[in-house]
file work25.cif (mmCIF, C-alpha atoms)
data_entry
loop_
_atom_site.label_atom_id
_atom_site.label_comp_id
_atom_site.auth_asym_id
_atom_site.auth_seq_id
_atom_site.Cartn_x
_atom_site.Cartn_y
_atom_site.Cartn_z
CA MET A 144 -14.21 4.38 -20.00
CA LEU A 145 -12.79 7.86 -20.54
CA GLY A 146 -9.55 7.53 -22.44
CA GLY A 147 -10.58 3.90 -22.77
CA THR A 148 -8.29 3.07 -25.67
CA GLY A 149 -5.39 1.76 -23.51
CA ASN A 150 -4.86 -1.56 -21.73
CA MET A 151 -6.97 -0.60 -18.71
CA GLY A 152 -9.92 0.42 -20.89
CA GLN A 153 -9.59 -2.70 -23.02
CA GLY A 154 -9.41 -4.91 -19.94
CA LEU A 155 -12.47 -3.48 -18.20
CA ALA A 156 -14.40 -3.39 -21.48
CA LEU A 157 -13.69 -7.03 -22.30
CA ARG A 158 -14.34 -8.21 -18.75
CA TRP A 159 -17.63 -6.30 -18.37
CA ALA A 160 -18.97 -6.63 -21.94
CA ARG A 161 -20.51 -9.97 -21.12
CA ASN A 162 -23.28 -8.24 -19.15
CA HIS A 163 -23.00 -4.50 -19.74
CA GLU A 164 -23.20 -1.84 -22.38
CA ILE A 165 -19.68 -0.42 -22.57
CA ILE A 166 -18.81 2.99 -24.04
CA ILE A 167 -15.20 3.67 -25.01
CA GLY A 168 -14.45 7.38 -24.87
CA SER A 169 -11.49 8.99 -26.60
CA ARG A 170 -10.39 12.55 -27.26
CA GLU A 171 -11.35 11.87 -30.87
CA ALA A 172 -14.72 10.19 -31.40
CA ARG A 173 -13.34 8.41 -34.48
CA LYS A 174 -10.57 6.76 -32.50
CA GLY A 175 -13.06 5.72 -29.82
CA THR A 176 -15.31 4.14 -32.45
CA LYS A 177 -12.46 2.32 -34.16
CA VAL A 178 -10.99 0.90 -30.94
CA ALA A 179 -14.45 -0.09 -29.67
CA GLU A 180 -14.98 -2.13 -32.84
CA GLU A 181 -11.75 -4.03 -32.16
CA TYR A 182 -12.76 -4.69 -28.54
CA LEU A 183 -16.22 -5.81 -29.63
CA ALA A 184 -14.75 -8.36 -32.02
CA LYS A 185 -12.45 -9.67 -29.26
CA ALA A 186 -15.31 -9.84 -26.73
CA ARG A 187 -17.57 -11.71 -29.19
CA ALA A 188 -14.79 -14.18 -29.96
CA PHE A 189 -14.24 -14.70 -26.23
CA TYR A 190 -17.84 -14.96 -24.95
CA GLY A 191 -19.62 -16.33 -28.01
CA ASP A 192 -23.35 -16.71 -27.43
CA ALA A 193 -22.99 -15.98 -23.70
CA MET A 194 -22.36 -12.31 -24.47
CA LYS A 195 -25.28 -10.08 -23.50
CA GLY A 196 -23.54 -6.69 -23.52
CA THR A 197 -22.11 -4.45 -26.23
CA ILE A 198 -19.12 -2.18 -26.79
CA ARG A 199 -19.30 1.05 -28.74
CA GLY A 200 -17.08 4.11 -29.04
CA THR A 201 -17.46 7.87 -29.08
CA SER A 202 -15.79 11.02 -27.73
CA ASN A 203 -14.99 11.40 -24.04
CA PHE A 204 -17.51 14.24 -24.04
CA GLU A 205 -20.37 12.05 -25.30
CA ALA A 206 -19.31 9.03 -23.23
CA ALA A 207 -19.37 11.12 -20.05
CA ALA A 208 -22.90 12.33 -20.78
CA GLN A 209 -24.27 8.85 -21.50
CA ALA A 210 -22.65 6.53 -18.96
CA ASP A 211 -24.05 5.45 -15.59
CA VAL A 212 -20.56 4.64 -14.33
CA ILE A 213 -17.57 6.62 -15.64
CA VAL A 214 -14.14 5.05 -15.18
CA LEU A 215 -11.10 7.30 -15.63
CA THR A 216 -8.95 4.81 -17.53
CA ILE A 217 -6.48 7.54 -18.25
CA SER A 218 -3.08 8.49 -16.88
CA HIS A 219 -2.73 11.28 -14.32
CA GLU A 220 -1.08 13.47 -16.94
CA TYR A 221 -4.31 13.76 -18.93
CA ALA A 222 -6.89 13.09 -16.22
CA THR A 223 -7.43 16.65 -15.00
CA SER A 224 -7.81 18.22 -18.46
CA THR A 225 -10.22 15.43 -19.43
CA ILE A 226 -12.29 15.95 -16.28
CA LEU A 227 -12.43 19.71 -16.84
CA SER A 228 -13.60 19.17 -20.41
CA ILE A 229 -16.53 16.97 -19.37
CA LYS A 230 -17.46 18.20 -15.89
CA ASP A 231 -20.43 20.31 -17.02
CA ARG A 232 -22.08 17.18 -18.43
CA LEU A 233 -22.00 15.19 -15.19
CA LYS A 234 -25.04 14.51 -13.03
CA PRO A 235 -25.22 13.45 -9.36
CA SER A 236 -26.86 10.19 -10.48
CA GLN A 237 -23.64 9.13 -12.19
CA ILE A 238 -20.63 7.47 -10.54
CA ILE A 239 -17.02 8.44 -11.20
CA VAL A 240 -14.46 5.67 -10.61
CA SER A 241 -10.92 7.01 -10.14
CA PRO A 242 -7.87 4.74 -10.44
CA VAL A 243 -5.80 7.88 -11.13
CA VAL A 244 -2.54 8.31 -9.22
CA PRO A 245 -0.38 11.45 -9.29
CA MET A 246 3.25 10.28 -9.50
CA VAL A 247 6.60 11.85 -10.28
CA LYS A 248 9.70 10.16 -11.64
CA VAL A 249 12.63 10.07 -9.20
CA ASP A 250 15.85 8.07 -9.11
CA LYS A 251 15.19 4.93 -11.13
CA GLY A 252 11.62 4.69 -9.84
CA VAL A 253 8.49 6.69 -9.16
CA MET A 254 7.13 8.51 -6.15
CA TYR A 255 3.58 9.13 -4.98
CA SER A 256 2.89 12.84 -5.23
CA PRO A 257 -0.40 13.56 -3.46
CA ILE A 258 -1.98 17.00 -3.51
CA VAL A 259 -0.95 19.40 -0.73
CA GLU A 260 -3.41 22.18 0.11
CA SER A 261 -2.71 24.55 3.03
CA GLY A 262 -0.45 21.96 4.60
CA GLU A 263 -3.04 19.18 4.24
CA VAL A 264 -2.23 16.09 2.20
CA MET A 265 -5.01 14.93 -0.12
CA SER A 266 -5.52 12.09 -2.58
CA TYR A 267 -6.33 12.72 -6.22
CA ALA A 268 -9.75 11.14 -5.67
CA GLU A 269 -10.62 13.59 -2.88
CA ALA A 270 -9.52 16.57 -4.97
CA LEU A 271 -11.68 15.22 -7.80
CA ALA A 272 -14.70 14.93 -5.50
CA LYS A 273 -14.19 18.53 -4.40
CA GLU A 274 -14.02 19.64 -8.04
CA LEU A 275 -17.10 17.62 -9.05
CA LYS A 276 -19.22 18.68 -6.10
CA GLY A 277 -22.18 16.32 -5.79
CA VAL A 278 -21.09 13.60 -8.23
CA PRO A 279 -20.08 10.49 -6.22
CA VAL A 280 -16.41 9.55 -6.62
CA VAL A 281 -15.21 6.04 -5.82
CA ALA A 282 -11.47 5.24 -5.67
CA ALA A 283 -10.73 1.81 -7.15
CA TYR A 284 -8.58 -0.24 -9.55
CA HIS A 285 -5.25 1.47 -8.77
CA THR A 286 -3.49 -1.84 -8.27
CA ILE A 287 -4.67 -3.89 -11.22
CA SER A 288 -2.02 -4.87 -13.73
CA ALA A 289 -3.50 -3.26 -16.85
CA LYS A 290 -1.49 -5.60 -19.05
CA LYS A 291 -2.98 -8.70 -17.42
CA LEU A 292 -6.46 -7.19 -17.18
CA ALA A 293 -6.42 -6.61 -20.94
CA ASP A 294 -6.23 -10.37 -21.59
CA PRO A 295 -9.61 -11.82 -20.54
CA THR A 296 -8.23 -15.37 -20.45
CA LEU A 297 -6.06 -14.46 -17.43
CA VAL A 298 -7.50 -15.00 -13.93
CA LEU A 299 -6.53 -12.21 -11.52
CA ASN A 300 -6.25 -13.28 -7.89
CA TYR A 301 -6.11 -9.73 -6.58
CA ASP A 302 -7.65 -7.81 -3.73
CA ILE A 303 -9.09 -4.47 -4.84
CA PRO A 304 -9.11 -1.80 -2.11
CA ILE A 305 -12.05 0.56 -2.61
CA ALA A 306 -12.79 3.88 -0.90
CA GLY A 307 -15.77 6.20 -1.17
CA ASP A 308 -18.18 8.35 0.80
CA HIS A 309 -21.35 7.46 -1.11
CA GLU A 310 -22.77 4.12 0.02
CA GLY A 311 -24.81 3.43 -3.11
CA ALA A 312 -21.93 4.26 -5.45
CA VAL A 313 -19.51 2.10 -3.47
CA LYS A 314 -21.97 -0.81 -3.64
CA VAL A 315 -22.18 -0.54 -7.45
CA VAL A 316 -18.37 -0.55 -7.79
CA MET A 317 -18.05 -3.48 -5.36
CA GLU A 318 -20.56 -5.45 -7.50
CA LEU A 319 -18.81 -4.56 -10.77
CA THR A 320 -15.53 -5.71 -9.22
CA ARG A 321 -17.01 -9.07 -8.18
CA GLU A 322 -18.13 -9.61 -11.78
CA ILE A 323 -14.46 -9.91 -12.76
CA ARG A 324 -13.49 -13.44 -11.84
CA ASN A 325 -11.38 -13.79 -8.67
CA LEU A 326 -11.11 -10.08 -7.94
CA ARG A 327 -12.07 -9.46 -4.31
CA PRO A 328 -13.29 -5.92 -3.52
CA ILE A 329 -12.20 -4.70 -0.07
CA TYR A 330 -13.90 -1.58 1.23
CA VAL A 331 -11.33 0.42 3.19
CA GLY A 332 -13.43 3.41 4.24
CA PRO A 333 -14.45 6.92 3.17
CA LEU A 334 -12.79 8.69 0.26
CA ARG A 335 -10.00 10.03 2.48
CA SER A 336 -8.71 6.43 2.57
CA ALA A 337 -7.93 6.86 -1.13
CA LEU A 338 -4.60 8.39 -0.04
CA MET A 339 -3.45 4.97 1.13
CA ILE A 340 -4.79 3.20 -1.97
CA GLU A 341 -3.20 5.59 -4.45
CA ALA A 342 0.18 5.04 -2.75
CA LEU A 343 0.02 1.37 -3.79
CA THR A 344 0.56 2.11 -7.48
CA PRO A 345 4.07 3.61 -7.15
CA LEU A 346 4.87 0.93 -4.56
CA ILE A 347 4.01 -1.81 -7.08
CA ILE A 348 5.93 -0.01 -9.85
CA ASN A 349 9.01 0.33 -7.62
CA ALA A 350 8.82 -3.33 -6.57
CA SER A 351 8.91 -4.11 -10.28
CA ILE A 352 11.86 -1.78 -10.97
CA TYR A 353 14.00 -2.62 -7.94
CA SER A 354 13.03 -6.26 -7.28
CA LYS A 355 11.77 -7.54 -10.65
CA ILE A 356 8.29 -8.35 -9.33
CA LYS A 357 6.69 -7.90 -12.76
CA ASP A 358 3.06 -6.96 -13.50
CA ALA A 359 2.11 -7.54 -9.88
CA SER A 360 -0.88 -6.52 -7.85
CA ILE A 361 -1.52 -6.91 -4.13
CA ALA A 362 -3.50 -9.14 -1.81
CA PHE A 363 -4.25 -9.03 1.89
CA VAL A 364 -2.80 -12.11 3.59
CA GLN A 365 -4.17 -13.42 6.87
CA MET B 166 14.32 -3.20 20.14
CA LEU B 167 13.56 0.28 21.50
CA GLY B 168 10.27 0.12 23.36
CA GLY B 169 10.58 -3.62 22.81
CA THR B 170 8.11 -4.66 25.49
CA GLY B 171 5.08 -4.86 23.14
CA ASN B 172 3.96 -7.51 20.62
CA MET B 173 6.30 -6.28 17.89
CA GLY B 174 9.34 -6.37 20.19
CA GLN B 175 8.37 -9.80 21.51
CA GLY B 176 7.84 -11.13 18.00
CA LEU B 177 11.16 -9.94 16.59
CA ALA B 178 13.01 -10.99 19.78
CA LEU B 179 11.59 -14.52 19.71
CA ARG B 180 12.09 -14.93 15.98
CA TRP B 181 15.69 -13.65 15.99
CA ALA B 182 16.87 -15.06 19.35
CA ARG B 183 17.78 -18.34 17.74
CA ASN B 184 20.86 -16.74 16.17
CA HIS B 185 21.27 -13.26 17.63
CA GLU B 186 21.91 -11.38 20.81
CA ILE B 187 18.71 -9.42 21.42
CA ILE B 188 18.48 -6.34 23.66
CA ILE B 189 15.03 -5.25 24.84
CA GLY B 190 14.99 -1.52 25.59
CA SER B 191 12.35 0.16 27.70
CA ARG B 192 11.93 3.61 29.20
CA GLU B 193 12.66 1.93 32.55
CA ALA B 194 15.62 -0.44 32.59
CA ARG B 195 13.89 -2.59 35.20
CA LYS B 196 10.90 -3.18 32.96
CA GLY B 197 13.21 -4.00 30.03
CA THR B 198 15.05 -6.56 32.16
CA LYS B 199 11.87 -8.17 33.48
CA VAL B 200 10.24 -8.48 30.03
CA ALA B 201 13.47 -9.79 28.49
CA GLU B 202 13.52 -12.59 31.08
CA GLU B 203 10.01 -13.60 30.04
CA TYR B 204 10.96 -13.57 26.35
CA LEU B 205 14.14 -15.55 27.06
CA ALA B 206 12.15 -18.27 28.82
CA LYS B 207 9.74 -18.43 25.88
CA ALA B 208 12.56 -18.55 23.33
CA ARG B 209 14.35 -21.34 25.23
CA ALA B 210 11.15 -23.37 25.46
CA PHE B 211 10.60 -22.86 21.72
CA TYR B 212 14.12 -23.48 20.34
CA GLY B 213 15.54 -25.85 22.95
CA ASP B 214 19.14 -26.78 22.22
CA ALA B 215 19.04 -25.15 18.79
CA MET B 216 19.06 -21.71 20.39
CA LYS B 217 22.38 -19.91 19.89
CA GLY B 218 21.31 -16.35 20.78
CA THR B 219 20.27 -14.57 23.97
CA ILE B 220 17.74 -11.98 25.11
CA ARG B 221 18.47 -9.40 27.77
CA GLY B 222 16.86 -6.11 28.80
CA THR B 223 17.94 -2.61 29.73
CA SER B 224 16.92 1.03 29.20
CA ASN B 225 16.30 2.40 25.70
CA PHE B 226 19.31 4.64 26.33
CA GLU B 227 21.67 1.72 26.98
CA ALA B 228 20.12 -0.48 24.29
CA ALA B 229 20.64 2.25 21.68
CA ALA B 230 24.31 2.55 22.60
CA GLN B 231 25.00 -1.18 22.46
CA ALA B 232 23.03 -2.50 19.48
CA ASP B 233 24.27 -3.00 15.91
CA VAL B 234 20.72 -2.82 14.57
CA ILE B 235 18.13 -0.67 16.36
CA VAL B 236 14.47 -1.41 15.63
CA LEU B 237 11.91 1.21 16.64
CA THR B 238 9.28 -1.22 17.95
CA ILE B 239 7.36 1.69 19.35
CA SER B 240 4.23 3.56 18.31
CA HIS B 241 4.47 6.88 16.48
CA GLU B 242 3.19 8.67 19.58
CA TYR B 243 6.37 7.88 21.52
CA ALA B 244 8.85 7.39 18.67
CA THR B 245 10.07 10.96 18.31
CA SER B 246 10.67 11.58 22.03
CA THR B 247 12.48 8.23 22.27
CA ILE B 248 14.68 9.09 19.29
CA LEU B 249 15.53 12.51 20.70
CA SER B 250 16.48 10.94 24.04
CA ILE B 251 18.98 8.52 22.44
CA LYS B 252 20.20 10.34 19.33
CA ASP B 253 23.48 11.52 20.86
CA ARG B 254 24.48 7.91 21.47
CA LEU B 255 24.10 6.79 17.87
CA LYS B 256 27.02 6.05 15.53
CA PRO B 257 27.09 5.87 11.70
CA SER B 258 28.06 2.18 12.00
CA GLN B 259 24.65 1.37 13.48
CA ILE B 260 21.43 0.76 11.55
CA ILE B 261 18.04 2.20 12.50
CA VAL B 262 15.03 0.20 11.32
CA SER B 263 11.81 2.24 11.24
CA PRO B 264 8.39 0.58 11.06
CA VAL B 265 6.93 3.81 12.53
CA VAL B 266 3.86 5.29 10.83
CA PRO B 267 2.32 8.67 11.68
CA MET B 268 -1.45 8.18 11.71
CA VAL B 269 -4.46 10.14 12.89
CA LYS B 270 -7.86 8.79 13.90
CA VAL B 271 -10.69 9.82 11.57
CA ASP B 272 -14.24 8.55 11.11
CA LYS B 273 -14.21 4.95 12.31
CA GLY B 274 -10.73 4.34 10.93
CA VAL B 275 -7.28 5.82 10.64
CA MET B 276 -5.53 8.01 8.12
CA TYR B 277 -1.90 8.21 7.04
CA SER B 278 -0.52 11.56 8.13
CA PRO B 279 2.88 12.05 6.51
CA ILE B 280 5.08 15.01 7.33
CA VAL B 281 4.60 18.15 5.21
CA GLU B 282 7.56 20.53 5.00
CA SER B 283 7.40 23.60 2.74
CA GLY B 284 4.72 21.94 0.64
CA GLU B 285 6.72 18.71 0.27
CA VAL B 286 5.30 15.43 1.56
CA MET B 287 7.76 13.27 3.48
CA SER B 288 7.65 9.90 5.20
CA TYR B 289 8.48 9.48 8.87
CA ALA B 290 11.55 7.46 7.90
CA GLU B 291 12.93 10.28 5.73
CA ALA B 292 12.38 12.85 8.49
CA LEU B 293 14.16 10.49 10.88
CA ALA B 294 17.14 10.17 8.52
CA LYS B 295 17.34 13.98 8.30
CA GLU B 296 17.29 14.21 12.11
CA LEU B 297 19.90 11.45 12.55
CA LYS B 298 22.26 12.76 9.90
CA GLY B 299 24.72 10.02 8.99
CA VAL B 300 23.08 7.06 10.74
CA PRO B 301 21.57 4.75 8.08
CA VAL B 302 17.77 4.46 8.32
CA VAL B 303 15.95 1.52 6.74
CA ALA B 304 12.14 1.50 6.48
CA ALA B 305 10.72 -1.98 7.12
CA TYR B 306 8.16 -4.08 9.01
CA HIS B 307 5.23 -1.65 8.73
CA THR B 308 2.89 -4.34 7.50
CA ILE B 309 3.60 -7.22 9.86
CA SER B 310 0.74 -8.24 12.14
CA ALA B 311 2.45 -7.73 15.53
CA LYS B 312 -0.02 -10.10 17.15
CA LYS B 313 0.89 -12.95 14.79
CA LEU B 314 4.60 -12.11 14.83
CA ALA B 315 4.58 -12.44 18.64
CA ASP B 316 3.68 -16.15 18.38
CA PRO B 317 6.75 -17.91 16.95
CA THR B 318 4.72 -21.01 16.04
CA LEU B 319 2.84 -19.02 13.38
CA VAL B 320 4.23 -18.98 9.84
CA LEU B 321 3.85 -15.58 8.16
CA ASN B 322 3.46 -15.69 4.38
CA TYR B 323 4.03 -11.97 3.96
CA ASP B 324 5.98 -9.77 1.61
CA ILE B 325 7.99 -7.12 3.44
CA PRO B 326 8.59 -3.94 1.42
CA ILE B 327 11.90 -2.35 2.39
CA ALA B 328 13.30 1.08 1.50
CA GLY B 329 16.64 2.67 2.26
CA ASP B 330 19.46 4.71 0.79
CA HIS B 331 22.36 2.84 2.37
CA GLU B 332 23.16 -0.35 0.46
CA GLY B 333 24.95 -2.14 3.30
CA ALA B 334 22.22 -1.35 5.82
CA VAL B 335 19.49 -2.50 3.44
CA LYS B 336 21.36 -5.77 2.88
CA VAL B 337 21.52 -6.44 6.62
CA VAL B 338 17.77 -5.82 7.04
CA MET B 339 16.96 -7.99 4.00
CA GLU B 340 19.00 -10.83 5.55
CA LEU B 341 17.37 -10.42 8.98
CA THR B 342 13.98 -10.54 7.26
CA ARG B 343 14.81 -13.77 5.43
CA GLU B 344 15.73 -15.35 8.79
CA ILE B 345 12.05 -15.17 9.74
CA ARG B 346 10.47 -18.14 8.04
CA ASN B 347 8.39 -17.34 4.93
CA LEU B 348 8.84 -13.58 5.09
CA ARG B 349 9.98 -12.29 1.69
CA PRO B 350 11.87 -8.97 1.74
CA ILE B 351 11.11 -6.80 -1.32
CA TYR B 352 13.40 -3.83 -1.88
CA VAL B 353 11.30 -0.97 -3.26
CA GLY B 354 13.95 1.72 -3.62
CA PRO B 355 15.58 4.63 -1.79
CA LEU B 356 14.22 5.94 1.49
CA ARG B 357 11.79 8.26 -0.29
CA SER B 358 9.83 5.09 -1.20
CA ALA B 359 9.07 4.79 2.53
CA LEU B 360 6.12 7.13 1.88
CA MET B 361 4.36 4.35 -0.03
CA ILE B 362 5.28 1.68 2.54
CA GLU B 363 4.10 3.69 5.54
CA ALA B 364 0.72 4.19 3.84
CA LEU B 365 0.17 0.42 3.98
CA THR B 366 -0.31 0.36 7.76
CA PRO B 367 -3.45 2.53 7.87
CA LEU B 368 -4.69 0.72 4.74
CA ILE B 369 -4.43 -2.63 6.53
CA ILE B 370 -6.03 -1.19 9.68
CA ASN B 371 -8.93 0.23 7.67
CA ALA B 372 -9.42 -3.06 5.80
CA SER B 373 -9.74 -4.65 9.23
CA ILE B 374 -12.22 -2.03 10.51
CA TYR B 375 -14.41 -1.72 7.41
CA SER B 376 -14.12 -5.22 5.90
CA LYS B 377 -13.22 -7.48 8.83
CA ILE B 378 -9.91 -8.60 7.27
CA LYS B 379 -8.34 -9.27 10.69
CA ASP B 380 -4.60 -9.24 11.53
CA ALA B 381 -3.70 -9.11 7.88
CA SER B 382 -0.53 -8.21 6.05
CA ILE B 383 0.10 -7.85 2.34
CA ALA B 384 1.69 -9.79 -0.48
CA PHE B 385 2.52 -8.96 -4.07
CA VAL B 386 0.55 -11.23 -6.41
CA GLN B 387 1.73 -11.98 -9.94
#
call {"tool": "encode", "arguments": {"input": "work25.cif", "output": "structure tokens"}}
result
Amino acid sequence: MLGGTGNMGQGLALRWARNHEIIIGSREARKGTKVAEEYLAKARAFYGDAMKGTIRGTSNFEAAAQADVIVLTISHEYATSTILSIKDRLKPSQIIVSPVVPMVKVDKGVMYSPIVESGEVMSYAEALAKELKGVPVVAAYHTISAKKLADPTLVLNYDIPIAGDHEGAVKVVMELTREIRNLRPIYVGPLRSALMIEALTPLIINASIYSKIKDASIAFVQ
Amino acid sequence: MLGGTGNMGQGLALRWARNHEIIIGSREARKGTKVAEEYLAKARAFYGDAMKGTIRGTSNFEAAAQADVIVLTISHEYATSTILSIKDRLKPSQIIVSPVVPMVKVDKGVMYSPIVESGEVMSYAEALAKELKGVPVVAAYHTISAKKLADPTLVLNYDIPIAGDHEGAVKVVMELTREIRNLRPIYVGPLRSALMIEALTPLIINASIYSKIKDASIAFVQ
């Protein structure tokens, strides 16, 4: 988890620590280590003897070099500088998971602000894949309420739209998603579909602001 | 209902005919009239004596002049030419409801293709409002399964995100939405929020293509 010291990082760490070795990255290694210790204590209290994984902390730089799956649990504001600082460490065998959404504040709410390049509209995830040539990028987790995710006692009945071009990487992220109780991963196509997924985050935020639908996520209804 | 001879037009006509006077517009008045007669027979069979509204058909041109609320139940492909053909008839006291979504076919699926003007990304609904200066535009009904809507015996447990700048017009569309059993209108902000709503249509289509989630809509989950 790069920038894993917020709610999103805590949530994924606690939910995956049962079975996986989690690394919390932070701009400062010391902060990463400290926060990871707190998460580890919470995870142990929650899972007891059933816990097979671990949680440890370090710098974003070290975390990016060591992880099999790198989740950008970081706001858009800091995502690009973080990526640029670690990109030379990445290998094509790793997987980058991007829940990052470029947004701007307007009126009382927020607005999706995708990248425009020579008149073409592009998601953050696609721009990231272009930048990280060869490292598989999977778009996922844009719609999870970080606040609810952070509390492992809460069951999340959400659908998680997932987009990606790399079949193996998508499969790994689908499996990781299924490990979180009641989350249902929904593959919605190649990475260009990330445009439609990223738009969900400001939609959910605006539903909260204008219609008091608090800490919501989405589900497909048939 | 402009171009109201498809599933979407049938669905809204049947669901609203209980209480409202419905006009089915078509490029050819004769086709509008013929289809409206079919819908009227269906509505009468469904509502029996409880039916207080009517359904009649005419050309898009006449329908646009007569209606209080104009719904663009028409695909993106034909929406702009239809709008241009009727725009001189419109008055600021009318309301235009746009479920229109510009999409392009890519890979196996579809892709949201918003309007780009001088580097700015804009929804179809916003471009429409610019074109129809002064006539209130409300973005709604992008996520309804037209196939399910068309069968008035089906109950639709959907959330309907709605965006618009004009308070009175939004209120009317919220009320009309509540008249359809179990639909929950969710106001998500000014018309610029339509960008995030329009993106839902290709997302739902791609979930259907890649993950076999058929005829789905969306709901906010708390």
call {"tool": "resolve_selection", "arguments": {"input": "work25.cif", "expression": "the PyMOL selection byres ((chain B and resi 248-257) around 6)", "output": "list in words"}}
result
Phe226, Ala230, Thr245, Ser246, Thr247, Ser258, Gln259, Gly299 and Val300 of chain B
call {"tool": "write_last_selection", "arguments": {"input": "work25.cif", "atoms": "C-alpha atoms", "output": "PDB file, in the frame of the given file"}}
result
ATOM      1  CA  PHE B 226      19.310   4.640  26.330  1.00  0.00           C
ATOM      2  CA  ALA B 230      24.310   2.550  22.600  1.00  0.00           C
ATOM      3  CA  THR B 245      10.070  10.960  18.310  1.00  0.00           C
ATOM      4  CA  SER B 246      10.670  11.580  22.030  1.00  0.00           C
ATOM      5  CA  THR B 247      12.480   8.230  22.270  1.00  0.00           C
ATOM      6  CA  SER B 258      28.060   2.180  12.000  1.00  0.00           C
ATOM      7  CA  GLN B 259      24.650   1.370  13.480  1.00  0.00           C
ATOM      8  CA  GLY B 299      24.720  10.020   8.990  1.00  0.00           C
ATOM      9  CA  VAL B 300      23.080   7.060  10.740  1.00  0.00           C
TER      10      VAL B 300
END
call {"tool": "closest_residue", "arguments": {"input": "work25.cif", "among": "B:Lys379, B:Leu365, B:Arg357, B:Val302", "to": "Val247 of chain A", "atoms": "all atoms listed in the file"}}
result
B:Arg357
call {"tool": "interface_residues", "arguments": {"input": "work25.cif", "of": "chain A", "to": "chain B", "cutoff": "6 Å", "atoms": "all atoms listed in the file", "output": "VMD selection string"}}
result
chain A and resid 330 to 331 339 342 346 349 to 350 353 to 354 359 to 365
call {"tool": "axis_aligned_box", "arguments": {"input": "work25.cif", "around": "segment 294-309 of chain A", "padding_each_side": "3 Å", "output": "JSON"}}
result
{"center_x": -13.7, "center_y": -3.5, "center_z": -10.4, "size_x": 21.3, "size_y": 29.7, "size_z": 28.4}
call {"tool": "resolve_selection", "arguments": {"input": "work25.cif", "expression": "the PyMOL selection byres ((chain A and resi 199) around 12)", "output": "number ranges by chain"}}
result
A: 144, 147-148, 153, 156-157, 160, 163-169, 172-184, 186, 196-198, 200-202, 205-206, 209-210
call {"tool": "residues_around", "arguments": {"input": "work25.cif", "residues": "Ser218 of chain A", "least_positions_apart": "4", "cutoff": "12 Å", "atoms": "all atoms listed in the file", "output": "list in words"}}
result
Leu145, Gly146, Gly147, Thr148, Gly149, Asn150, Met151, Gly152, Val214, Ala222, Thr223, Ser224, Thr225, Ile226, Ser241, Pro242, Val243, Val244, Pro245, Met246, Tyr267, His285, Ala289 and Thr344 of chain A
call {"tool": "decode", "arguments": {"input": "work25.cif", "residues": "segment 166-178 of chain B", "atoms": "N, CA and C atoms", "output": "compact mmCIF listing (two decimals), in the first residue's frame"}}
result
# COMPACT_ATOMS: atom_id res chain seq x y z
N MET B 166 -42.33 12.08 -25.39
CA MET B 166 -41.22 11.18 -25.66
C MET B 166 -40.82 11.38 -27.12
N LEU B 167 -39.68 12.04 -27.35
CA LEU B 167 -39.20 12.19 -28.73
C LEU B 167 -38.52 10.90 -29.15
N GLY B 168 -38.89 10.38 -30.30
CA GLY B 168 -38.39 9.06 -30.69
C GLY B 168 -38.91 8.02 -29.70
N GLY B 169 -40.16 8.18 -29.33
CA GLY B 169 -40.73 7.38 -28.23
C GLY B 169 -41.24 6.00 -28.63
N THR B 170 -40.85 5.54 -29.80
CA THR B 170 -41.39 4.26 -30.30
C THR B 170 -40.54 3.05 -29.89
N GLY B 171 -39.46 3.28 -29.13
CA GLY B 171 -38.63 2.16 -28.66
C GLY B 171 -39.02 1.71 -27.24
N ASN B 172 -38.20 0.83 -26.67
CA ASN B 172 -38.48 0.30 -25.32
C ASN B 172 -38.55 1.39 -24.25
N MET B 173 -37.66 2.34 -24.33
CA MET B 173 -37.60 3.41 -23.33
C MET B 173 -38.88 4.24 -23.38
N GLY B 174 -39.29 4.61 -24.60
CA GLY B 174 -40.53 5.39 -24.77
C GLY B 174 -41.74 4.59 -24.30
N GLN B 175 -41.79 3.32 -24.68
CA GLN B 175 -42.90 2.47 -24.23
C GLN B 175 -42.94 2.39 -22.71
N GLY B 176 -41.77 2.16 -22.12
CA GLY B 176 -41.71 2.00 -20.67
C GLY B 176 -42.21 3.24 -19.94
N LEU B 177 -41.67 4.40 -20.30
CA LEU B 177 -42.08 5.64 -19.62
C LEU B 177 -43.55 5.93 -19.90
N ALA B 178 -44.00 5.69 -21.14
CA ALA B 178 -45.42 5.94 -21.48
C ALA B 178 -46.33 5.07 -20.62
